[in-house]
Amino acid sequence: MIMDTFTLEGKTAIVTGCSTGLGQGICLGMAEAGAKVVGVDYVDAPETAAMIEKAGGSFLGIKANLLTIAPIQGIVDQAVEAFGSVDVLVNNAGIIRREDSINYTEKDWDDVMNINIKTVFFFCQAAARQFLKQSKGGKIINIASMLSFQGGIRVPSYTASKSGVMGLTRLLACEWAKDNINVNAIAPGYMNTNNTEQLRKDPKRSAEILARIPADRWGLPSDVAGPAVFLASSASDYINGYTIAVDGGWLAR
């Protein structure tokens, strides 16, 4: 039956940036689809754990600072020890720093690039090595952005990093598809999350953004959970290297 291809029963999914926002929504979606969830964040995620446990799912929270790549292999090892395998990786953790490019600092550049693209690559690498060890393939979902397609303003390192995420997703798909590893990305539009708090609090910018979104609303974490479950499931087995925009029609405007 076609609906059976969307289940994640028996799978283990690692989701970074799990404590709030899109990461929390993705964790819940994965759990509701049957996956055991390993949530990673630099802070504890008791709310995410409680939501998943209430839904009858299994959750392992791991506290780690992904501004460096040092914790990555340990996270994979803990996931395997707890649940027996790693089958899905969602690279959701990311940060943004807003400042005029003329004043942008090296620290703001490096911090954003480290977590948004360097960590993403090395987490993909660690997951793929585990997938190969397990000999049954796997799914990698990278979280890109509208600024993977557009320039934006006052976020130079964010735009560079998210453009890199889309390119890296294509490259890894080309290399690993033969090993039954699917690498795809989701580009969320303007979402009601921590990253957009400044924009939503600015009446002028908020109105400008909403005026361009055909759906006439900010997106929600639940809007991203469905596409993430699809890309994690066998229903997406022939999708490789693609970035799906979940944007309420922003790019179509």
# chains A, B, ... in the order shown; residues from 1 in each chain; ligands from 1
>>> residues_around(residues="segment 151-160 of chain A", least_positions_apart="2", cutoff="8 Å", atoms="only C-alpha atoms", output="list of chain:residue names")
A:Ile95, A:Ile96, A:Arg97, A:Arg98, A:Glu99, A:Asp100, A:Ser101, A:Asp108, A:Trp109, A:Asp110, A:Val112, A:Met113, A:Asn116, A:Leu147, A:Ser148, A:Phe149, A:Lys162, A:Ser163, A:Gly164
>>> write_last_selection(atoms="N, CA and C atoms", output="compact mmCIF listing (two decimals), in the first residue's frame")
# COMPACT_ATOMS: atom_id res chain seq x y z
N ILE A 95 22.54 29.22 12.80
CA ILE A 95 22.42 30.54 13.42
C ILE A 95 22.46 31.61 12.35
N ILE A 96 22.07 32.82 12.74
CA ILE A 96 22.06 33.95 11.83
C ILE A 96 22.58 35.17 12.59
N ARG A 97 23.35 35.99 11.95
CA ARG A 97 23.84 37.25 12.52
C ARG A 97 23.50 38.37 11.54
N ARG A 98 22.82 39.40 12.03
CA ARG A 98 22.36 40.50 11.17
C ARG A 98 23.21 41.74 11.40
N GLU A 99 23.79 42.24 10.31
CA GLU A 99 24.58 43.47 10.37
C GLU A 99 24.87 43.92 8.94
N ASP A 100 24.99 45.23 8.73
CA ASP A 100 25.37 45.73 7.41
C ASP A 100 26.70 45.09 7.00
N SER A 101 26.80 44.67 5.76
CA SER A 101 28.01 44.00 5.29
C SER A 101 29.26 44.86 5.50
N ASP A 108 31.50 37.03 13.44
CA ASP A 108 30.15 36.74 12.96
C ASP A 108 30.19 35.89 11.70
N TRP A 109 31.14 36.15 10.83
CA TRP A 109 31.30 35.33 9.63
C TRP A 109 31.64 33.89 10.00
N ASP A 110 32.66 33.72 10.83
CA ASP A 110 33.15 32.38 11.14
C ASP A 110 32.13 31.56 11.94
N VAL A 112 28.85 31.70 11.97
CA VAL A 112 27.74 31.27 11.12
C VAL A 112 28.21 30.20 10.13
N MET A 113 29.34 30.42 9.50
CA MET A 113 29.84 29.44 8.53
C MET A 113 30.18 28.11 9.20
N ASN A 116 26.65 26.45 10.13
CA ASN A 116 25.67 26.34 9.04
C ASN A 116 26.18 25.54 7.84
N LEU A 147 17.28 32.05 1.22
CA LEU A 147 18.52 32.71 0.83
C LEU A 147 19.53 31.74 0.23
N SER A 148 19.11 30.50 0.00
CA SER A 148 19.86 29.62 -0.90
C SER A 148 19.59 30.01 -2.34
N PHE A 149 18.47 30.70 -2.56
CA PHE A 149 18.05 31.11 -3.90
C PHE A 149 18.21 32.61 -4.13
N LYS A 162 23.93 29.23 3.45
CA LYS A 162 22.75 28.53 2.96
C LYS A 162 22.81 28.27 1.45
N SER A 163 23.49 29.14 0.71
CA SER A 163 23.77 28.84 -0.69
C SER A 163 24.67 27.62 -0.77
N GLY A 164 25.63 27.54 0.16
CA GLY A 164 26.51 26.39 0.22
C GLY A 164 25.79 25.10 0.55
>>> residues_around(residues="Val224 of chain A", least_positions_apart="4", cutoff="8 Å", atoms="only C-alpha atoms", output="PyMOL selection string")
chain A and resi 22+25-26+186+188+220+228+246
>>> write_last_selection(atoms="C-alpha atoms", output="compact mmCIF listing (two decimals), in the first residue's frame")
# COMPACT_ATOMS: atom_id res chain seq x y z
CA LEU A 22 11.61 23.89 13.04
CA GLY A 25 8.47 20.31 14.72
CA ILE A 26 10.60 17.92 12.66
CA ILE A 186 14.29 21.73 2.52
CA PRO A 188 11.86 26.98 4.56
CA LEU A 220 4.91 27.05 11.15
CA ALA A 228 10.84 16.15 6.24
CA VAL A 246 8.37 25.22 1.78
>>> select_by_dssp(residues="segment 41-188 of chain A", states="strand (DSSP E or B)", output="PyMOL selection string")
chain A and resi 41+59-63+88-91+138-143+181-188
>>> select_by_dssp(residues="segment 92-186 of chain A", states="alpha helix (DSSP H)", output="PyMOL selection string")
chain A and resi 106-113+119-134+156-176
>>> closest_residue(among="A:Val86, A:Leu168, A:Arg212, A:Tyr104", to="Lys133 of chain A", atoms="only C-alpha atoms")
A:Val86
>>> residues_around(residues="Ser236 of chain A", least_positions_apart="6", cutoff="9 Å", atoms="only C-alpha atoms", output="PyMOL selection string")
chain A and resi 5-6+182+230
